[in-house]
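Novice: This is the content of structure05.txt (compact mmCIF, C-alpha atoms):
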```txt
# COMPACT_ATOMS: atom_id res chain seq x y z
CA MET D 279 0.00 0.00 0.00
CA SER D 280 1.34 3.42 -0.98
CA VAL D 281 1.73 6.39 1.36
CA THR D 282 -1.24 8.03 -0.34
CA ALA D 283 -3.36 4.94 0.23
CA ILE D 284 -2.35 4.87 3.90
CA LYS D 285 -3.29 8.53 4.28
CA ASN D 286 -6.66 7.80 2.70
CA VAL D 287 -7.30 4.88 5.06
CA TRP D 288 -6.56 7.00 8.12
CA SER D 289 -8.48 9.96 6.71
CA ASN D 290 -11.56 7.81 6.18
CA THR D 291 -11.19 6.31 9.66
CA TRP D 292 -10.80 9.77 11.20
CA LYS D 293 -14.03 10.92 9.57
CA GLN D 294 -15.96 8.29 11.54
CA THR D 295 -16.96 9.85 14.87
CA LEU D 296 -16.71 6.63 16.87
CA LYS D 297 -13.32 5.64 15.46
CA ARG D 298 -11.95 9.15 15.89
CA ARG D 299 -12.97 9.26 19.54
CA GLN D 300 -11.67 5.75 20.14
CA ILE D 301 -8.29 6.90 18.85
CA ILE D 302 -8.23 10.16 20.80
CA VAL D 303 -9.64 8.90 24.12
CA GLY D 304 -7.71 5.64 23.98
CA THR D 305 -4.43 7.40 23.24
CA VAL D 306 -4.89 9.95 26.03
CA ILE D 307 -5.81 7.35 28.66
CA MET D 308 -3.07 4.97 27.51
CA LEU D 309 -0.39 7.66 27.68
CA SER D 310 -1.65 8.84 31.07
CA VAL D 311 -1.32 5.32 32.47
CA VAL D 312 2.01 4.58 30.80
CA PHE D 313 3.67 7.78 31.99
CA THR D 314 2.89 6.94 35.62
CA MET D 315 5.34 4.05 35.30
CA PRO D 316 8.46 5.89 36.54
CA LEU D 317 6.74 6.81 39.81
CA PHE D 318 5.31 3.34 40.28
CA PHE D 319 8.50 1.46 39.45
CA GLY D 320 10.55 3.84 41.59
CA HIS D 321 8.28 2.92 44.52
CA ILE D 322 8.33 -0.86 44.11
CA GLU D 323 12.11 -0.90 43.63
CA LYS D 324 12.57 0.36 47.21
CA ARG D 325 10.49 -2.31 48.94
CA GLN D 326 11.49 -5.70 50.29
CA GLY D 327 10.36 -8.68 48.25
CA THR D 328 10.37 -12.47 48.36
CA LEU D 329 13.08 -14.55 46.71
CA ILE D 330 11.65 -17.54 44.86
CA ASN D 331 13.41 -20.88 44.51
CA ASP D 332 13.06 -21.43 40.76
CA PRO D 333 14.48 -24.80 39.58
CA VAL D 334 14.34 -23.71 35.93
CA LEU D 335 16.54 -20.66 36.54
CA ALA D 336 18.82 -22.72 38.77
CA ALA D 337 19.45 -25.10 35.87
CA VAL D 338 20.30 -22.31 33.38
CA PRO D 339 23.58 -20.39 33.70
CA PRO D 340 22.93 -16.64 33.23
CA HIS D 341 24.14 -14.94 30.05
CA ASN D 342 23.63 -11.44 28.68
CA VAL D 343 21.31 -11.67 25.68
CA SER D 344 19.90 -8.11 25.89
CA VAL D 345 20.62 -7.34 22.24
CA ALA D 346 18.65 -10.35 21.02
CA ILE D 347 15.74 -9.63 23.37
CA PHE D 348 15.32 -6.04 22.28
CA ALA D 349 16.00 -6.77 18.62
CA ILE D 350 13.04 -9.17 18.63
CA ILE D 351 10.75 -6.96 20.72
CA TRP D 352 11.39 -3.78 18.74
CA GLY D 353 11.23 -5.72 15.50
CA MET D 354 7.74 -6.91 16.44
CA VAL D 355 6.75 -3.39 17.50
CA LEU D 356 7.88 -2.11 14.10
CA LEU D 357 5.89 -4.83 12.31
CA THR D 358 2.81 -3.88 14.33
CA MET D 359 3.25 -0.20 13.47
CA ILE D 360 3.44 -1.08 9.78
CA ARG D 361 0.31 -3.23 9.98
CA ALA D 362 -1.51 -0.54 12.00
CA ALA D 363 -0.60 2.04 9.36
CA HIS D 364 -2.58 -0.05 6.90
CA LYS D 365 -5.37 -0.99 9.36
CA PRO D 366 -6.11 1.65 12.04
CA GLN D 367 -8.26 -0.85 13.94
CA ILE D 368 -5.07 -2.66 14.96
CA TYR D 369 -3.84 0.52 16.66
CA ILE D 370 -7.20 1.10 18.34
CA ILE D 371 -7.33 -2.40 19.81
CA TYR D 372 -3.67 -2.35 20.87
CA CYS D 373 -4.01 1.07 22.46
CA TRP D 374 -7.14 0.26 24.45
CA ALA D 375 -5.91 -3.22 25.49
CA LEU D 376 -2.66 -1.75 26.79
CA ILE D 377 -4.64 0.23 29.38
CA PRO D 378 -6.05 -2.72 31.40
CA ILE D 379 -2.84 -4.70 30.87
CA THR D 380 -0.72 -1.93 32.41
CA ILE D 381 -3.18 -1.49 35.28
CA ALA D 382 -3.20 -5.27 35.82
CA ARG D 383 0.61 -5.22 36.02
CA PHE D 384 0.50 -2.42 38.59
CA ILE D 385 -1.93 -4.42 40.71
CA ALA D 386 -0.12 -7.75 40.32
CA ILE D 387 3.31 -6.28 41.09
CA SER D 388 1.85 -4.47 44.10
CA ILE D 389 0.29 -7.57 45.67
CA VAL D 390 3.12 -9.97 44.71
CA PRO D 391 6.36 -8.30 45.92
CA LEU D 392 9.35 -10.25 44.66
CA GLU D 393 13.11 -9.87 44.86
CA HIS D 394 14.90 -10.16 41.54
CA PRO D 395 16.14 -13.65 40.63
CA ILE D 396 19.62 -14.78 41.63
CA GLY D 397 22.06 -14.26 38.77
CA LEU D 398 20.00 -11.52 37.12
CA ILE D 399 21.87 -9.58 34.43
CA PRO D 400 20.13 -6.18 34.03
CA LEU D 401 18.55 -5.30 30.71
CA THR D 402 19.64 -2.01 29.19
CA ASP D 403 17.45 -0.39 26.59
CA PRO D 404 17.51 3.41 26.07
CA LEU D 405 14.22 3.31 24.16
CA THR D 406 12.25 2.10 27.21
CA GLY D 407 14.20 4.23 29.68
CA VAL D 408 11.48 6.88 29.57
CA PHE D 409 8.99 4.45 31.12
CA TYR D 410 11.38 3.54 33.94
CA GLY D 411 12.57 7.02 34.80
CA GLN D 412 16.05 6.27 33.43
CA ALA D 413 16.64 4.05 36.50
CA LEU D 414 17.60 0.40 36.85
CA ILE D 415 14.40 -1.49 37.69
CA THR D 416 14.62 -5.15 38.63
CA LYS D 417 11.50 -5.82 40.73
CA ASP D 418 8.80 -5.36 38.06
CA LEU D 419 8.46 -9.11 37.97
CA PHE D 420 4.98 -10.61 38.22
CA PHE D 421 3.88 -10.58 35.49
CA SER D 422 6.40 -10.10 32.66
CA GLY D 423 5.94 -6.88 30.70
CA HIS D 424 8.13 -8.15 27.87
CA ILE D 425 5.95 -11.21 27.32
CA ALA D 426 2.82 -9.09 27.82
CA THR D 427 3.93 -6.80 25.00
CA LEU D 428 4.63 -9.65 22.61
CA THR D 429 1.44 -11.51 23.52
CA LEU D 430 -0.66 -8.42 22.85
CA ILE D 431 1.10 -7.91 19.53
CA PHE D 432 0.40 -11.55 18.62
CA LEU D 433 -3.29 -11.10 19.46
CA CYS D 434 -3.62 -7.81 17.54
CA LEU D 435 -1.90 -8.94 14.35
CA GLN D 436 -4.34 -10.27 11.77
CA LYS D 437 -2.37 -12.00 9.03
CA ARG D 438 -1.61 -15.69 9.52
CA ASN D 439 2.12 -15.35 8.80
CA ASP D 440 2.34 -12.36 11.16
CA LYS D 441 0.74 -14.40 13.92
CA ILE D 442 3.20 -17.25 13.33
CA ILE D 443 6.10 -14.80 13.59
CA GLY D 444 4.55 -13.26 16.72
CA PHE D 445 4.08 -16.66 18.33
CA PHE D 446 7.68 -17.74 17.83
CA ALA D 447 8.97 -14.30 18.82
CA THR D 448 7.14 -14.66 22.14
CA ILE D 449 8.49 -18.17 22.74
CA ILE D 450 12.07 -17.14 21.90
CA VAL D 451 12.00 -14.04 24.12
CA ALA D 452 10.52 -16.11 26.95
CA GLY D 453 13.53 -18.42 26.70
CA LEU D 454 15.98 -15.52 26.50
CA LEU D 455 14.47 -13.91 29.61
CA VAL D 456 15.18 -17.15 31.45
CA VAL D 457 18.73 -17.22 30.09
CA GLN D 458 19.37 -13.70 31.38
CA HIS D 459 17.52 -14.45 34.66
CA ILE D 460 15.33 -11.37 34.19
CA HIS D 461 12.14 -13.10 35.33
CA TYR D 462 11.05 -16.10 37.33
CA THR D 463 9.35 -18.84 35.32
CA ILE D 464 5.97 -18.01 36.88
CA ASP D 465 6.26 -14.38 35.71
CA ILE D 466 6.60 -15.57 32.14
CA LEU D 467 3.96 -18.32 32.25
CA ALA D 468 1.31 -16.11 33.86
CA SER D 469 1.67 -13.23 31.41
CA PRO D 470 -0.07 -14.62 28.28
CA GLY D 471 -3.18 -15.70 30.18
CA ILE D 472 -3.63 -12.34 31.91
CA VAL D 473 -3.04 -10.47 28.66
CA TYR D 474 -5.57 -12.63 26.83
CA ILE D 475 -8.24 -11.84 29.43
CA CYS D 476 -7.50 -8.10 29.14
CA TYR D 477 -7.58 -8.36 25.34
CA ARG D 478 -10.94 -10.14 25.29
CA LEU D 479 -12.45 -7.63 27.73
CA THR D 480 -11.15 -4.81 25.55
CA ARG D 481 -12.65 -6.29 22.40
CA ARG D 482 -15.97 -6.72 24.20
CA PHE D 483 -15.86 -3.11 25.40
CA LEU D 484 -15.05 -1.74 21.95
CA ASP D 485 -17.86 -3.81 20.41
CA ASP D 486 -20.40 -3.00 23.13
CA ASP D 487 -23.27 -0.73 22.07
CA ALA D 488 -23.35 1.07 25.43
CA ALA D 489 -19.63 1.83 25.24
CA GLN D 490 -20.05 3.12 21.69
CA LYS D 491 -22.81 5.47 22.83
CA ILE D 492 -20.56 6.86 25.58
CA LEU D 493 -17.78 7.57 23.08
CA THR D 494 -20.11 9.21 20.58
CA VAL D 495 -21.88 11.50 23.05
```
So that I can check it, write out the structure of this file as structure tokens.
Specialist:
Amino acid sequence: MSVTAIKNVWSNTWKQTLKRRQIIVGTVIMLSVVFTMPLFFGHIEKRQGTLINDPVLAAVPPHNVSVAIFAIIWGMVLLTMIRAAHKPQIYIIYCWALIPITIARFIAISIVPLEHPIGLIPLTDPLTGVFYGQALITKDLFFSGHIATLTLIFLCLQKRNDKIIGFFATIIVAGLLVVQHIHYTIDILASPGIVYICYRLTRRFLDDDAAQKILTV
């Protein structure tokens, strides 16, 4: 699809009152939630947590695979942006689903205080530094934000081949997080299920007649 065609798609979407308000309201709420992250993560990093005995991590010697992790994650983000440029609905769903997912992470991390795994090698990524207040955060554990991001991308992508790529990207990053001892196994395993619930609730909300009336008032 050409740039002109993409502009036309977004122009036509923007002309629809419901879609326009979904984009505006969703973006504002999403950004408001996301930019509270530095304060939240700064708080949880100071508290005492529980150290889990994880036999999977104990069996895997830690290695720094940060480059591979972020190459895959940002590669999938780029793919999603390209697909969303062609289909604005992908952006709308991703944007709105990210809101309950982020809130769910805040709640889960708050009620499940954990110490970082033994042997953890910190991830360094300047692109996500803005969300962490440019500080080293190691206690944002249950549930994994990295796997949450990739799972949501997998769910939002529509093409079969894209979903296959998204599936394997999620599996590979899950393994790499274990290799670098960034997360406990339970953090990784719990993430897809929680994200799926948030995604389904978001789709139901966006398709609900009552919610549509609220956004079009």
Novice: Point out the residue among D:Asp465, D:Asp418, D:Asp440, D:Asp486 with the least atom-to-atom distance to Gly320 of chain D, counting only C-alpha atoms.
Specialist: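 When distances to Gly320 of chain D are compared using only C-alpha atoms, the smallest one comes from D:Asp418.
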Novice: What lies within 12 Å of Leu357 of chain D using only C-alpha atoms, ignoring chain neighbours under 5 positions off, as a list in words?
Specialist: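 Using only C-alpha atoms, the neighbours found are Ile350, Ile351, Trp352, Ala362, Ala363, His364, Ile368, Tyr369, Leu428, Ile431, Phe432, Cys434, Leu435, Gln436, Lys437, Asn439, Asp440, Lys441, Ile443, Gly444 and Ala447 of chain D.
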Novice: Taking all atoms listed in the file into account, name the residue in D:Arg481, D:His424, D:His321, D:Lys293 that is nearest to Val451 of chain D.
Specialist: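 Distance minimum relative to Val451 of chain D lands on D:His424.
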Novice: Calculate how many Å separate atom CA of Ile301 of chain D from atom CA of Ser469 of chain D, rounding to one decimal.
Specialist: 25.7 Å
Novice: Which neighbours of Lys297 of chain D fall inside 10 Å, counting only C-alpha atoms, when residues of the same chain fewer than 2 positions from it are skipped, and could you give them as a list in words?
Specialist: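 Listing them by chain and then by number gives Asn290, Thr291, Trp292, Lys293, Gln294, Thr295, Arg299, Gln300, Ile301, Ile302, Val303, Pro366, Gln367, Ile370, Leu484, Gln490, Leu493 and Thr494 of chain D.
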Novice: Expressed in Å to a single decimal, how great is the separation between atom CA of Arg482 of chain D and atom CA of Ser422 of chain D?
Specialist: 24.2 Å
Novice: Give me the residues within 12 Å of Leu309 of chain D as a PDB file with C-alpha atoms, in the coordinates of the input, counting all atoms listed in the file and dropping any in the same chain fewer than 6 places off.
Specialist:
```
ATOM      1  CA  ILE D 301      -8.290   6.900  18.850  1.00  0.00           C
ATOM      2  CA  ILE D 302      -8.230  10.160  20.800  1.00  0.00           C
ATOM      3  CA  VAL D 303      -9.640   8.900  24.120  1.00  0.00           C
ATOM      4  CA  MET D 315       5.340   4.050  35.300  1.00  0.00           C
ATOM      5  CA  CYS D 373      -4.010   1.070  22.460  1.00  0.00           C
ATOM      6  CA  TRP D 374      -7.140   0.260  24.450  1.00  0.00           C
ATOM      7  CA  LEU D 376      -2.660  -1.750  26.790  1.00  0.00           C
ATOM      8  CA  ILE D 377      -4.640   0.230  29.380  1.00  0.00           C
ATOM      9  CA  THR D 380      -0.720  -1.930  32.410  1.00  0.00           C
ATOM     10  CA  PHE D 409       8.990   4.450  31.120  1.00  0.00           C
TER      11      PHE D 409
END
```
Novice: Interatomic distance between atom CA of Arg478 of chain D and atom CA of Ala375 of chain D?
Specialist: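 If I compute the distance from atom CA of Arg478 of chain D to atom CA of Ala375 of chain D, I get 8.6 Å.
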Novice: Mind checking which residues fall within 12 Å of Asn331 of chain D, counting only C-alpha atoms, ignoring those fewer than 6 positions away in the same chain, and posting them as a list of chain:residue names?
Specialist: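 Here the qualifying residues turn out to be D:Ala337, D:Leu392, D:Glu393, D:His394, D:Pro395, D:Ile396, D:Tyr462, D:Thr463, D:Ile464.
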